[in-house]
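This is my_file01.pdb (PDB, C-alpha atoms and all ligand atoms).
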```
MODEL        1
ATOM      1  CA  MET Q   1       0.000   0.000   0.000
ATOM      2  CA  THR Q   2       1.180   3.564  -0.603
ATOM      3  CA  ALA Q   3       0.162   6.865   0.929
ATOM      4  CA  VAL Q   4      -2.616   8.938  -0.557
ATOM      5  CA  ALA Q   5      -1.328  11.788  -2.733
ATOM      6  CA  PHE Q   6      -0.430  14.866  -0.691
ATOM      7  CA  ASP Q   7       1.340  18.158  -1.160
ATOM      8  CA  TYR Q   8       4.751  18.400   0.490
ATOM      9  CA  THR Q   9       6.383  21.521   1.794
ATOM     10  CA  ALA Q  10       9.714  21.929   3.583
ATOM     11  CA  PRO Q  11       9.912  25.356   5.236
ATOM     12  CA  THR Q  12      13.190  26.590   6.680
ATOM     13  CA  THR Q  13      11.740  28.902   9.323
ATOM     14  CA  LEU Q  14       9.252  28.400  12.140
ATOM     15  CA  GLY Q  15       7.125  31.204  10.672
ATOM     16  CA  GLY Q  16       6.991  29.336   7.367
ATOM     17  CA  ALA Q  17       5.984  26.111   9.109
ATOM     18  CA  LEU Q  18       3.251  27.841  11.113
ATOM     19  CA  SER Q  19       1.884  29.527   7.968
ATOM     20  CA  ALA Q  20       1.753  26.164   6.194
ATOM     21  CA  LEU Q  21       0.018  24.511   9.145
ATOM     22  CA  GLY Q  22      -2.445  27.356   9.573
ATOM     23  CA  VAL Q  23      -4.057  27.173   6.106
ATOM     24  CA  PRO Q  24      -7.770  26.857   6.867
ATOM     25  CA  GLY Q  25      -9.809  24.010   5.397
ATOM     26  CA  ARG Q  26      -6.873  21.678   4.650
ATOM     27  CA  THR Q  27      -5.702  18.625   6.563
ATOM     28  CA  VAL Q  28      -2.060  19.371   7.326
ATOM     29  CA  VAL Q  29       0.380  17.256   9.380
ATOM     30  CA  PRO Q  30       3.917  18.033  10.520
ATOM     31  CA  LEU Q  31       6.643  15.499   9.733
ATOM     32  CA  ALA Q  32       9.503  15.080  12.228
ATOM     33  CA  GLY Q  33      11.584  11.891  12.285
ATOM     34  CA  GLY Q  34       8.891  10.072  10.331
ATOM     35  CA  GLN Q  35       9.369   6.822  12.261
ATOM     36  CA  SER Q  36       5.719   6.730  13.273
ATOM     37  CA  LEU Q  37       4.120   9.059  10.723
ATOM     38  CA  VAL Q  38       5.501   7.409   7.582
ATOM     39  CA  PRO Q  39       4.095   3.947   8.450
ATOM     40  CA  LEU Q  40       0.753   5.607   9.246
ATOM     41  CA  LEU Q  41       0.837   7.364   5.874
ATOM     42  CA  THR Q  42       1.701   4.237   3.924
ATOM     43  CA  ARG Q  43      -1.060   2.283   5.684
ATOM     44  CA  ARG Q  44      -3.421   5.197   4.886
ATOM     45  CA  GLU Q  45      -4.329   5.531   8.552
ATOM     46  CA  VAL Q  46      -3.424   9.206   8.156
ATOM     47  CA  ARG Q  47      -4.614  10.930   4.958
ATOM     48  CA  PRO Q  48      -3.274  14.476   4.918
ATOM     49  CA  GLU Q  49      -3.651  16.939   2.076
ATOM     50  CA  VAL Q  50      -0.345  18.576   3.041
ATOM     51  CA  VAL Q  51       2.747  17.298   4.862
ATOM     52  CA  VAL Q  52       4.908  20.018   6.442
ATOM     53  CA  ASP Q  53       8.443  18.715   6.865
ATOM     54  CA  LEU Q  54      10.033  20.212  10.001
ATOM     55  CA  ASN Q  55      13.500  18.783   9.340
ATOM     56  CA  GLY Q  56      14.827  21.927   7.662
ATOM     57  CA  VAL Q  57      13.306  24.408  10.107
ATOM     58  CA  SER Q  58      16.103  26.231  11.882
ATOM     59  CA  GLY Q  59      16.111  26.559  15.656
ATOM     60  CA  LEU Q  60      13.979  23.519  16.468
ATOM     61  CA  ALA Q  61      16.816  21.205  17.540
ATOM     62  CA  GLY Q  62      19.318  21.573  20.339
ATOM     63  CA  ILE Q  63      19.957  21.095  24.030
ATOM     64  CA  ASP Q  64      20.416  24.118  26.276
ATOM     65  CA  ILE Q  65      21.425  23.339  29.853
ATOM     66  CA  GLY Q  66      20.820  26.184  32.298
ATOM     67  CA  PRO Q  67      21.201  26.323  36.061
ATOM     68  CA  ASP Q  68      17.470  25.878  36.741
ATOM     69  CA  ARG Q  69      16.135  24.174  33.640
ATOM     70  CA  VAL Q  70      17.066  22.239  30.523
ATOM     71  CA  ARG Q  71      15.454  23.300  27.234
ATOM     72  CA  ILE Q  72      15.392  20.716  24.477
ATOM     73  CA  GLY Q  73      14.252  21.525  20.951
ATOM     74  CA  ALA Q  74      11.405  19.383  19.644
ATOM     75  CA  MET Q  75      13.458  18.189  16.653
ATOM     76  CA  THR Q  76      16.299  16.912  18.831
ATOM     77  CA  ARG Q  77      16.924  13.255  17.960
ATOM     78  CA  LEU Q  78      16.691  10.597  20.650
ATOM     79  CA  ARG Q  79      20.220   9.521  19.773
ATOM     80  CA  ASP Q  80      21.418  13.003  20.717
ATOM     81  CA  LEU Q  81      19.613  12.827  24.080
ATOM     82  CA  GLU Q  82      21.304   9.517  24.663
ATOM     83  CA  ARG Q  83      24.806  10.711  23.778
ATOM     84  CA  HIS Q  84      24.893  14.275  25.105
ATOM     85  CA  ARG Q  85      27.494  14.253  27.860
ATOM     86  CA  GLU Q  86      26.263  17.364  29.710
ATOM     87  CA  LEU Q  87      22.649  16.234  29.524
ATOM     88  CA  ARG Q  88      23.582  12.879  30.984
ATOM     89  CA  ALA Q  89      25.163  14.743  33.873
ATOM     90  CA  ALA Q  90      22.233  17.159  34.343
ATOM     91  CA  LEU Q  91      19.263  14.800  33.807
ATOM     92  CA  PRO Q  92      20.667  11.272  33.497
ATOM     93  CA  VAL Q  93      17.277   9.585  33.348
ATOM     94  CA  LEU Q  94      16.421  11.345  30.092
ATOM     95  CA  GLY Q  95      19.348   9.889  28.183
ATOM     96  CA  PHE Q  96      18.854   6.534  29.850
ATOM     97  CA  ALA Q  97      15.181   6.383  28.834
ATOM     98  CA  ALA Q  98      15.964   7.635  25.307
ATOM     99  CA  ALA Q  99      18.501   4.828  24.937
ATOM    100  CA  SER Q 100      15.756   2.351  25.844
ATOM    101  CA  VAL Q 101      13.657   3.280  22.786
ATOM    102  CA  ALA Q 102      13.710   0.707  19.969
ATOM    103  CA  HIS Q 103      17.015   0.393  18.063
ATOM    104  CA  PRO Q 104      19.785   2.911  17.254
ATOM    105  CA  HIS Q 105      18.718   3.293  13.612
ATOM    106  CA  ILE Q 106      15.250   4.356  14.815
ATOM    107  CA  ARG Q 107      16.652   6.660  17.499
ATOM    108  CA  VAL Q 108      18.858   8.405  14.958
ATOM    109  CA  ARG Q 109      15.703   9.733  13.267
ATOM    110  CA  SER Q 110      13.112   9.839  16.084
ATOM    111  CA  THR Q 111      12.667  13.173  17.816
ATOM    112  CA  LEU Q 112      11.630  14.226  21.307
ATOM    113  CA  GLY Q 113       8.706  16.271  19.946
ATOM    114  CA  GLY Q 114       7.594  13.394  17.720
ATOM    115  CA  SER Q 115       7.631  10.995  20.648
ATOM    116  CA  LEU Q 116       5.417  13.299  22.739
ATOM    117  CA  CYS Q 117       3.051  14.113  19.858
ATOM    118  CA  HIS Q 118       2.685  10.484  18.757
ATOM    119  CA  ALA Q 119       1.614   9.749  22.361
ATOM    120  CA  ALA Q 120       1.995   5.976  22.221
ATOM    121  CA  PRO Q 121       0.664   4.439  25.465
ATOM    122  CA  ALA Q 122       3.897   2.562  26.253
ATOM    123  CA  ALA Q 123       6.373   5.219  25.081
ATOM    124  CA  GLU Q 124       9.242   5.997  27.427
ATOM    125  CA  LEU Q 125       9.799   9.732  27.012
ATOM    126  CA  PRO Q 126       6.254  10.986  27.682
ATOM    127  CA  ALA Q 127       6.378   9.172  31.044
ATOM    128  CA  VAL Q 128       9.793  10.610  31.874
ATOM    129  CA  ALA Q 129       8.576  14.099  30.903
ATOM    130  CA  VAL Q 130       5.670  13.696  33.338
ATOM    131  CA  ALA Q 131       7.961  12.388  36.093
ATOM    132  CA  LEU Q 132      10.365  15.294  35.646
ATOM    133  CA  GLY Q 133       7.550  17.876  35.639
ATOM    134  CA  ALA Q 134       8.367  19.119  32.122
ATOM    135  CA  ASP Q 135       6.449  21.741  30.141
ATOM    136  CA  VAL Q 136       5.710  21.357  26.426
ATOM    137  CA  VAL Q 137       5.944  24.558  24.372
ATOM    138  CA  LEU Q 138       3.449  24.891  21.512
ATOM    139  CA  ALA Q 139       3.562  27.609  18.842
ATOM    140  CA  SER Q 140       1.035  28.628  16.216
ATOM    141  CA  ALA Q 141       0.263  31.772  14.248
ATOM    142  CA  ARG Q 142      -2.004  32.614  17.215
ATOM    143  CA  GLY Q 143       0.859  32.656  19.725
ATOM    144  CA  VAL Q 144       2.831  30.456  22.117
ATOM    145  CA  ARG Q 145       1.527  28.406  25.049
ATOM    146  CA  LEU Q 146       3.007  26.074  27.640
ATOM    147  CA  VAL Q 147       1.296  22.826  28.606
ATOM    148  CA  ALA Q 148       2.447  20.624  31.484
ATOM    149  CA  ALA Q 149       3.605  17.238  30.157
ATOM    150  CA  ALA Q 150       1.144  15.646  32.597
ATOM    151  CA  ARG Q 151      -1.722  17.280  30.685
ATOM    152  CA  PHE Q 152      -0.294  17.007  27.158
ATOM    153  CA  ALA Q 153      -1.459  13.492  26.200
ATOM    154  CA  THR Q 154      -5.204  12.970  26.452
ATOM    155  CA  GLY Q 155      -5.412   9.377  25.187
ATOM    156  CA  ALA Q 156      -3.652   6.812  23.028
ATOM    157  CA  GLY Q 157      -2.273   8.833  20.104
ATOM    158  CA  ALA Q 158      -4.145  11.950  21.209
ATOM    159  CA  THR Q 159      -2.824  15.207  22.670
ATOM    160  CA  VAL Q 160      -4.008  18.742  23.380
ATOM    161  CA  ARG Q 161      -2.054  19.976  20.327
ATOM    162  CA  ALA Q 162      -4.268  21.857  17.875
ATOM    163  CA  PRO Q 163      -3.778  20.990  14.168
ATOM    164  CA  ASP Q 164      -2.082  24.345  13.478
ATOM    165  CA  GLU Q 165       0.363  24.038  16.385
ATOM    166  CA  VAL Q 166       3.978  22.907  16.374
ATOM    167  CA  VAL Q 167       5.754  21.682  19.483
ATOM    168  CA  THR Q 168       8.887  23.807  19.497
ATOM    169  CA  GLU Q 169      10.616  22.678  22.669
ATOM    170  CA  VAL Q 170      10.271  20.886  25.976
ATOM    171  CA  ILE Q 171      11.434  22.529  29.192
ATOM    172  CA  PHE Q 172      12.654  20.289  32.005
ATOM    173  CA  PRO Q 173      13.262  21.739  35.477
ATOM    174  CA  ARG Q 174      16.502  20.567  37.080
ATOM    175  CA  THR Q 175      15.106  17.948  39.393
ATOM    176  CA  GLY Q 176      15.208  19.823  42.693
ATOM    177  CA  GLY Q 177      16.952  17.132  44.678
ATOM    178  CA  LEU Q 178      15.016  14.193  43.254
ATOM    179  CA  VAL Q 179      17.200  11.487  41.740
ATOM    180  CA  HIS Q 180      15.462   9.579  38.968
ATOM    181  CA  GLY Q 181      15.744   6.047  37.680
ATOM    182  CA  PHE Q 182      13.961   4.265  34.851
ATOM    183  CA  SER Q 183      13.208   0.598  34.409
ATOM    184  CA  GLU Q 184      11.183  -1.207  31.731
ATOM    185  CA  LEU Q 185      10.288  -4.677  30.509
ATOM    186  CA  CYS Q 186      10.647  -5.490  26.818
ATOM    187  CA  THR Q 187       9.855  -8.967  25.550
ATOM    188  CA  ARG Q 188      12.809 -10.931  24.242
ATOM    189  CA  GLY Q 189      13.525 -10.078  20.620
ATOM    190  CA  SER Q 190      11.165  -7.106  20.773
ATOM    191  CA  THR Q 191      11.747  -4.410  18.160
ATOM    192  CA  GLY Q 192       9.479  -1.904  19.766
ATOM    193  CA  TYR Q 193       7.636  -0.615  22.767
ATOM    194  CA  PRO Q 194       8.027  -2.039  26.265
ATOM    195  CA  VAL Q 195       5.272  -3.984  28.007
ATOM    196  CA  ALA Q 196       5.519  -1.440  30.801
ATOM    197  CA  GLY Q 197       8.022   0.965  32.306
ATOM    198  CA  VAL Q 198       8.476   2.902  35.538
ATOM    199  CA  CYS Q 199      10.156   6.261  36.084
ATOM    200  CA  LEU Q 200      10.964   6.764  39.754
ATOM    201  CA  GLY Q 201      12.241   9.938  41.396
ATOM    202  CA  LEU Q 202      13.380   9.966  45.019
ATOM    203  CA  ARG Q 203      14.724  12.550  47.414
ATOM    204  CA  LEU Q 204      16.460  10.988  50.381
ATOM    205  CA  GLY Q 205      17.544  12.328  53.721
ATOM    206  CA  ALA Q 206      19.160  10.429  56.582
ATOM    207  CA  GLY Q 207      18.428   7.148  54.836
ATOM    208  CA  VAL Q 208      14.702   7.880  54.555
ATOM    209  CA  VAL Q 209      12.599   8.751  51.484
ATOM    210  CA  ARG Q 210      11.635  12.431  51.843
ATOM    211  CA  ALA Q 211       9.844  12.827  48.499
ATOM    212  CA  ALA Q 212       8.896  10.454  45.686
ATOM    213  CA  ARG Q 213       7.577  10.703  42.142
ATOM    214  CA  VAL Q 214       6.397   7.530  40.396
ATOM    215  CA  VAL Q 215       5.085   7.441  36.812
ATOM    216  CA  VAL Q 216       4.280   4.275  34.861
ATOM    217  CA  THR Q 217       4.010   3.835  31.100
ATOM    218  CA  GLY Q 218       2.229   1.008  29.279
ATOM    219  CA  CYS Q 219      -0.399   0.682  32.002
ATOM    220  CA  GLY Q 220      -3.069   2.900  30.469
ATOM    221  CA  PRO Q 221      -3.615   5.155  27.460
ATOM    222  CA  VAL Q 222      -1.371   7.865  28.924
ATOM    223  CA  PRO Q 223       1.438   7.914  31.514
ATOM    224  CA  VAL Q 224       0.007   7.448  35.001
ATOM    225  CA  ARG Q 225       1.378   9.062  38.140
ATOM    226  CA  LEU Q 226       0.961   6.715  41.092
ATOM    227  CA  LEU Q 227       0.111   9.089  43.915
ATOM    228  CA  GLY Q 228      -0.715   6.268  46.343
ATOM    229  CA  VAL Q 229       2.668   4.666  45.808
ATOM    230  CA  GLU Q 230       4.425   7.996  46.226
ATOM    231  CA  ALA Q 231       2.671   8.525  49.572
ATOM    232  CA  ALA Q 232       3.526   4.975  50.653
ATOM    233  CA  LEU Q 233       7.216   5.498  49.913
ATOM    234  CA  VAL Q 234       7.647   8.737  51.845
ATOM    235  CA  GLY Q 235       9.076   8.082  55.281
ATOM    236  CA  ARG Q 236      10.313   4.599  54.374
ATOM    237  CA  ALA Q 237      13.897   3.592  55.090
ATOM    238  CA  VAL Q 238      15.923   3.286  51.891
ATOM    239  CA  ALA Q 239      17.601   0.107  53.048
ATOM    240  CA  GLY Q 240      14.222  -1.633  53.258
ATOM    241  CA  PRO Q 241      11.703  -0.468  50.681
ATOM    242  CA  HIS Q 242       9.128  -2.948  51.990
ATOM    243  CA  PRO Q 243       8.589  -4.839  48.728
ATOM    244  CA  GLY Q 244       5.274  -6.386  49.711
ATOM    245  CA  LEU Q 245       3.720  -3.037  50.547
ATOM    246  CA  VAL Q 246       5.067  -1.296  47.460
ATOM    247  CA  ALA Q 247       4.072  -4.097  45.106
ATOM    248  CA  SER Q 248       0.526  -4.222  46.447
ATOM    249  CA  VAL Q 249       0.077  -0.448  46.203
ATOM    250  CA  VAL Q 250       1.437  -0.479  42.650
ATOM    251  CA  ALA Q 251      -0.877  -3.317  41.701
ATOM    252  CA  GLU Q 252      -3.846  -1.386  43.039
ATOM    253  CA  ALA Q 253      -2.865   1.837  41.284
ATOM    254  CA  VAL Q 254      -2.228   0.130  37.955
ATOM    255  CA  ARG Q 255      -5.540  -1.713  38.184
ATOM    256  CA  GLU Q 256      -7.178   1.682  38.668
ATOM    257  CA  ALA Q 257      -5.434   2.942  35.528
ATOM    258  CA  GLY Q 258      -7.402   0.274  33.693
ATOM    259  CA  PRO Q 259      -5.166  -1.625  31.253
ATOM    260  CA  GLU Q 260      -7.006  -4.440  29.468
ATOM    261  CA  ASP Q 261      -4.591  -7.086  30.733
ATOM    262  CA  GLY Q 262      -4.425  -5.419  34.140
ATOM    263  CA  GLU Q 263      -3.201  -8.275  36.304
ATOM    264  CA  TYR Q 264      -0.116  -8.926  34.197
ATOM    265  CA  ARG Q 265       0.865  -5.289  33.709
ATOM    266  CA  ALA Q 266       0.245  -4.557  37.384
ATOM    267  CA  GLU Q 267       2.630  -7.330  38.325
ATOM    268  CA  VAL Q 268       5.206  -6.111  35.808
ATOM    269  CA  ALA Q 269       4.929  -2.523  37.066
ATOM    270  CA  GLY Q 270       5.359  -3.665  40.662
ATOM    271  CA  VAL Q 271       8.516  -5.597  39.830
ATOM    272  CA  LEU Q 272       9.875  -2.693  37.774
ATOM    273  CA  LEU Q 273       9.286  -0.281  40.617
ATOM    274  CA  LEU Q 274      11.216  -2.510  42.975
ATOM    275  CA  ARG Q 275      14.041  -2.760  40.460
ATOM    276  CA  ALA Q 276      14.095   1.011  40.059
ATOM    277  CA  LEU Q 277      14.176   1.383  43.847
ATOM    278  CA  GLU Q 278      17.046  -1.028  44.144
ATOM    279  CA  SER Q 279      19.042   0.402  41.252
ATOM    280  CA  ARG Q 280      20.648   3.638  40.306
ATOM    281  CA  ALA Q 281      18.106   6.061  41.778
ATOM    282  CA  VAL Q 282      18.976   4.912  45.243
ATOM    283  CA  GLU Q 283      22.617   4.103  44.664
ATOM    284  CA  GLU Q 284      23.478   7.483  43.196
ATOM    285  CA  GLU Q 285      22.144   9.267  46.230
ATOM    286  CA  ARG Q 286      23.984   7.262  48.867
TER     287      ARG Q 286
HETATM  288  C1  LIG J   1      10.153  -0.372  14.905
HETATM  289  C2  LIG J   1       9.837   0.796  15.802
HETATM  290  C3  LIG J   1       9.988   0.640  17.166
HETATM  291  C4  LIG J   1       9.682   1.687  18.024
HETATM  292  N1  LIG J   1       9.834   1.519  19.375
HETATM  293  C5  LIG J   1       9.563   2.540  20.210
HETATM  294  C6  LIG J   1       9.745   2.391  21.616
HETATM  295  O1  LIG J   1      10.173   1.367  22.118
HETATM  296  N2  LIG J   1       9.440   3.464  22.412
HETATM  297  C7  LIG J   1       8.968   4.651  21.893
HETATM  298  O2  LIG J   1       8.699   5.569  22.640
HETATM  299  N3  LIG J   1       8.809   4.804  20.564
HETATM  300  C8  LIG J   1       9.096   3.781  19.728
HETATM  301  N4  LIG J   1       8.928   3.953  18.380
HETATM  302  C9  LIG J   1       8.392   5.216  17.912
HETATM  303  C10 LIG J   1       9.499   6.153  17.503
HETATM  304  O3  LIG J   1      10.300   6.553  18.572
HETATM  305  C11 LIG J   1       8.814   7.335  16.857
HETATM  306  O4  LIG J   1       9.691   7.829  15.978
HETATM  307  C12 LIG J   1       8.337   8.469  17.704
HETATM  308  O5  LIG J   1       7.344   8.079  18.570
HETATM  309  C13 LIG J   1       7.821   9.598  16.826
HETATM  310  O6  LIG J   1       8.896  10.434  16.574
HETATM  311  P1  LIG J   1       9.221  10.964  15.143
HETATM  312  O7  LIG J   1      10.196  12.069  15.333
HETATM  313  O8  LIG J   1       9.615   9.850  14.263
HETATM  314  O9  LIG J   1       7.812  11.605  14.705
HETATM  315  P2  LIG J   1       6.965  11.434  13.370
HETATM  316  O10 LIG J   1       6.761  10.004  13.073
HETATM  317  O11 LIG J   1       7.502  12.283  12.290
HETATM  318  O12 LIG J   1       5.593  12.094  13.874
HETATM  319  C14 LIG J   1       4.785  11.444  14.823
HETATM  320  C15 LIG J   1       3.546  12.316  15.070
HETATM  321  O13 LIG J   1       3.876  13.497  15.783
HETATM  322  C16 LIG J   1       3.581  14.671  15.011
HETATM  323  N5  LIG J   1       4.707  15.573  15.254
HETATM  324  C17 LIG J   1       6.021  15.231  15.238
HETATM  325  N6  LIG J   1       6.765  16.262  15.627
HETATM  326  C18 LIG J   1       5.926  17.282  15.885
HETATM  327  C19 LIG J   1       6.120  18.623  16.349
HETATM  328  N7  LIG J   1       7.332  19.123  16.643
HETATM  329  N8  LIG J   1       5.026  19.419  16.521
HETATM  330  C20 LIG J   1       3.792  18.914  16.246
HETATM  331  N9  LIG J   1       3.549  17.663  15.815
HETATM  332  C21 LIG J   1       4.614  16.846  15.641
HETATM  333  C22 LIG J   1       3.442  14.191  13.584
HETATM  334  O14 LIG J   1       2.569  15.006  12.834
HETATM  335  C23 LIG J   1       2.866  12.796  13.798
HETATM  336  O15 LIG J   1       1.477  12.888  14.037
HETATM  337  C24 LIG J   1       9.231   2.929  17.498
HETATM  338  C25 LIG J   1       9.104   3.089  16.103
HETATM  339  C26 LIG J   1       9.408   2.042  15.269
HETATM  340  C27 LIG J   1       9.284   2.258  13.795
ENDMDL
END
```

Output the structure of this file as structure tokens.
Amino acid sequence: MTAVAFDYTAPTTLGGALSALGVPGRTVVPLAGGQSLVPLLTRREVRPEVVVDLNGVSGLAGIDIGPDRVRIGAMTRLRDLERHRELRAALPVLGFAAASVAHPHIRVRSTLGGSLCHAAPAAELPAVAVALGADVVLASARGVRLVAAARFATGAGATVRAPDEVVTEVIFPRTGGLVHGFSELCTRGSTGYPVAGVCLGLRLGAGVVRAARVVVTGCGPVPVRLLGVEAALVGRAVAGPHPGLVASVVAEAVREAGPEDGEYRAEVAGVLLLRALESRAVEEER
């Protein structure tokens, strides 16, 4: 099968891209890395009249590390997140999660903005963006707005992005004392998305969890923050994370999130959380 016929435009400025996207009465889609969009086009699941290629638009890619926040352009490739030395020092979980996505030849093309906009239920980076409290910056001919990553995805493959908007960048606060880890389960030989994943952020003091942030992916249509688990972790001794308690709270929270095969994913998420607790998030802080 091939895509339906569409017009193709490759602007070099953001203004040009926004003008192309803002033409009323036409179905227009932006193209980033194309790793998800091109298969959708060729299967005719997306039938645009115009494709606006963002790859030549200047200023949409890059990593800017400031004292309080990290700004990452929407067209930044996952491979660059994975390999950027300063980013790995500033927000290690971001590069670690990016490196967990598919295979290197896919990560070389895939972009941060594309990952958030595609909003796949088991994607790694939307969950990490929620865990880190990131903001997504959207631009259109009407202006610029910021949306919290936690409110960006509204369902599987659905976001708050309007058809004439481009995600220009994602702003990550420096984590304010929380140390993050990421853990996921992929089936053996898998070429794609994990069964489930957990992003865990902890702040520790005197061997006790002072603050926790827990977000799971693959357990519902959008990343789910497990507030009950976070509350259960606070005050716990790091040396003994009380696996039974944590696993049961996770299972309950994931069941609430409503995945079709809830029992299995709940169990997976519980195990992943324990792994994340036992791994780098805790070790780095000690
Ligand atoms: C074999 C395979 C395995 C994969 N495994 C994983 C995996 O394990 N984990 C994972 O998270 N992903 C996985 N992916 C998805 C991959 O990372 C996608 O590339 C990514 O989700 C979309 O990024 P992209 O840059 O390719 O976007 P595109 O495919 O170009 O676009 C995706 C969607 O986002 C929109 N869009 C893109 N950028 C913008 C923007 N800046 N502003 C507005 N709209 C925009 C497009 O219009 C389109 O609707 C896999 C893909 C393949 C082919």

Please produce, as a tab-separated table, a per-residue contact table for chain Q versus ligand LIG 1 (chain J) (criterion: any atom at most 6 Å away, only C-alpha atoms and all ligand atoms considered), showing the nearest atom pair and its distance in Å to one decimal, sorted by chain then residue number.
```
residue	atom	partner	partner_atom	distance
Q:Val29	CA	J:LIG1	O14	4.7
Q:Pro30	CA	J:LIG1	O14	4.0
Q:Leu31	CA	J:LIG1	O11	4.2
Q:Ala32	CA	J:LIG1	O11	3.4
Q:Gly33	CA	J:LIG1	O7	3.4
Q:Gly34	CA	J:LIG1	O11	3.3
Q:Gln35	CA	J:LIG1	O8	3.6
Q:Ser36	CA	J:LIG1	O10	3.4
Q:Leu37	CA	J:LIG1	O10	3.7
Q:Ala74	CA	J:LIG1	N7	5.1
Q:Val101	CA	J:LIG1	O1	4.0
Q:Ala102	CA	J:LIG1	N1	4.0
Q:Ser110	CA	J:LIG1	O7	3.7
Q:Thr111	CA	J:LIG1	O7	3.7
Q:Gly113	CA	J:LIG1	N7	4.6
Q:Gly114	CA	J:LIG1	O6	3.4
Q:Ser115	CA	J:LIG1	O5	3.6
Q:Cys117	CA	J:LIG1	O13	4.2
Q:His118	CA	J:LIG1	C15	4.2
Q:Ala123	CA	J:LIG1	O2	3.4
Q:Glu124	CA	J:LIG1	O2	4.8
Q:Val166	CA	J:LIG1	N8	3.6
Q:Val167	CA	J:LIG1	N8	3.8
Q:Thr168	CA	J:LIG1	N7	5.7
Q:Thr191	CA	J:LIG1	C1	5.4
Q:Gly192	CA	J:LIG1	N1	3.5
Q:Tyr193	CA	J:LIG1	O1	3.3
Q:Pro194	CA	J:LIG1	O1	5.8
```

Counting all atoms listed in the file, the residue of Q:Ala97, Q:Ser58, Q:Ala127, Q:Glu165 that sits nearest Ala141 of chain Q: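 Nearest to Ala141 of chain Q: Q:Glu165.
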
Residues at most 8 Å from Pro48 of chain Q, counting only C-alpha atoms, excluding those fewer than 4 positions away in the same chain, as a ChimeraX atom specification? /Q:4,6,27-29

Save out the residues we just selected, C-alpha atoms, as a compact mmCIF listing (two decimals), in the frame of the given file.
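Printed below is part-v2.txt as written:
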```txt
# COMPACT_ATOMS: atom_id res chain seq x y z
CA VAL Q 4 -2.62 8.94 -0.56
CA PHE Q 6 -0.43 14.87 -0.69
CA THR Q 27 -5.70 18.62 6.56
CA VAL Q 28 -2.06 19.37 7.33
CA VAL Q 29 0.38 17.26 9.38
```

Please provide as a PyMOL selection string all residues within 7 Å of Val209 of chain Q, with the sequence filter that same-chain residues fewer than 2 positions apart are discarded (counting all atoms listed in the file). chain Q and resi 202-205+207+211+233-238

What separation in Å, quoted to one decimal, exists between atom CA of Arg71 of chain Q and atom CA of Phe152 of chain Q? 17.0 Å

Using the chain letters and numbers from the file, which residues does the PyMOL selection byres (((chain Q and resi 174) around 12) and not hetatm) grab, as a PDB file with C-alpha atoms, in the coordinates of the input?
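Output file part.pdb is given in full below:
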```pdb
ATOM      1  CA  ILE Q  65      21.425  23.339  29.853  1.00  0.00           C
ATOM      2  CA  GLY Q  66      20.820  26.184  32.298  1.00  0.00           C
ATOM      3  CA  PRO Q  67      21.201  26.323  36.061  1.00  0.00           C
ATOM      4  CA  ASP Q  68      17.470  25.878  36.741  1.00  0.00           C
ATOM      5  CA  ARG Q  69      16.135  24.174  33.640  1.00  0.00           C
ATOM      6  CA  VAL Q  70      17.066  22.239  30.523  1.00  0.00           C
ATOM      7  CA  ARG Q  71      15.454  23.300  27.234  1.00  0.00           C
ATOM      8  CA  LEU Q  87      22.649  16.234  29.524  1.00  0.00           C
ATOM      9  CA  ALA Q  89      25.163  14.743  33.873  1.00  0.00           C
ATOM     10  CA  ALA Q  90      22.233  17.159  34.343  1.00  0.00           C
ATOM     11  CA  LEU Q  91      19.263  14.800  33.807  1.00  0.00           C
ATOM     12  CA  PRO Q  92      20.667  11.272  33.497  1.00  0.00           C
ATOM     13  CA  VAL Q  93      17.277   9.585  33.348  1.00  0.00           C
ATOM     14  CA  LEU Q  94      16.421  11.345  30.092  1.00  0.00           C
ATOM     15  CA  ALA Q 129       8.576  14.099  30.903  1.00  0.00           C
ATOM     16  CA  ALA Q 131       7.961  12.388  36.093  1.00  0.00           C
ATOM     17  CA  LEU Q 132      10.365  15.294  35.646  1.00  0.00           C
ATOM     18  CA  GLY Q 133       7.550  17.876  35.639  1.00  0.00           C
ATOM     19  CA  ALA Q 134       8.367  19.119  32.122  1.00  0.00           C
ATOM     20  CA  ILE Q 171      11.434  22.529  29.192  1.00  0.00           C
ATOM     21  CA  PHE Q 172      12.654  20.289  32.005  1.00  0.00           C
ATOM     22  CA  PRO Q 173      13.262  21.739  35.477  1.00  0.00           C
ATOM     23  CA  THR Q 175      15.106  17.948  39.393  1.00  0.00           C
ATOM     24  CA  GLY Q 176      15.208  19.823  42.693  1.00  0.00           C
ATOM     25  CA  GLY Q 177      16.952  17.132  44.678  1.00  0.00           C
ATOM     26  CA  LEU Q 178      15.016  14.193  43.254  1.00  0.00           C
ATOM     27  CA  VAL Q 179      17.200  11.487  41.740  1.00  0.00           C
ATOM     28  CA  HIS Q 180      15.462   9.579  38.968  1.00  0.00           C
TER      29      HIS Q 180
END
```

note - atom CA of Arg44 of chain Q and atom CA of Ala3 of chain Q are separated by 5.6 Å

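For the pair atom CA of Val268 of chain Q and atom CA of Pro121 of chain Q, the separation is 15.5 Å.
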
Between Q:Glu252, Q:Asp135, Q:Asp7, Q:Glu267, smallest distance to Gly197 of chain Q by only C-alpha atoms belongs to Q:Glu267

Out of Q:Gly201, Q:Pro11, Q:Pro163, Q:Pro223, which residue has the shortest atom-to-atom distance to Leu138 of chain Q when counting all atoms listed in the file? Q:Pro163

Residues at most 8 Å from Thr2 of chain Q, counting all atoms listed in the file, excluding those fewer than 5 positions away in the same chain, as a ChimeraX atom specification? /Q:41-44

How would the residues just chosen look if you wrote them out with C-alpha atoms as a PDB file, in the coordinates of the input?
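Contents of again.pdb, as written:
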```pdb
ATOM      1  CA  LEU Q  41       0.837   7.364   5.874  1.00  0.00           C
ATOM      2  CA  THR Q  42       1.701   4.237   3.924  1.00  0.00           C
ATOM      3  CA  ARG Q  43      -1.060   2.283   5.684  1.00  0.00           C
ATOM      4  CA  ARG Q  44      -3.421   5.197   4.886  1.00  0.00           C
TER       5      ARG Q  44
END
```
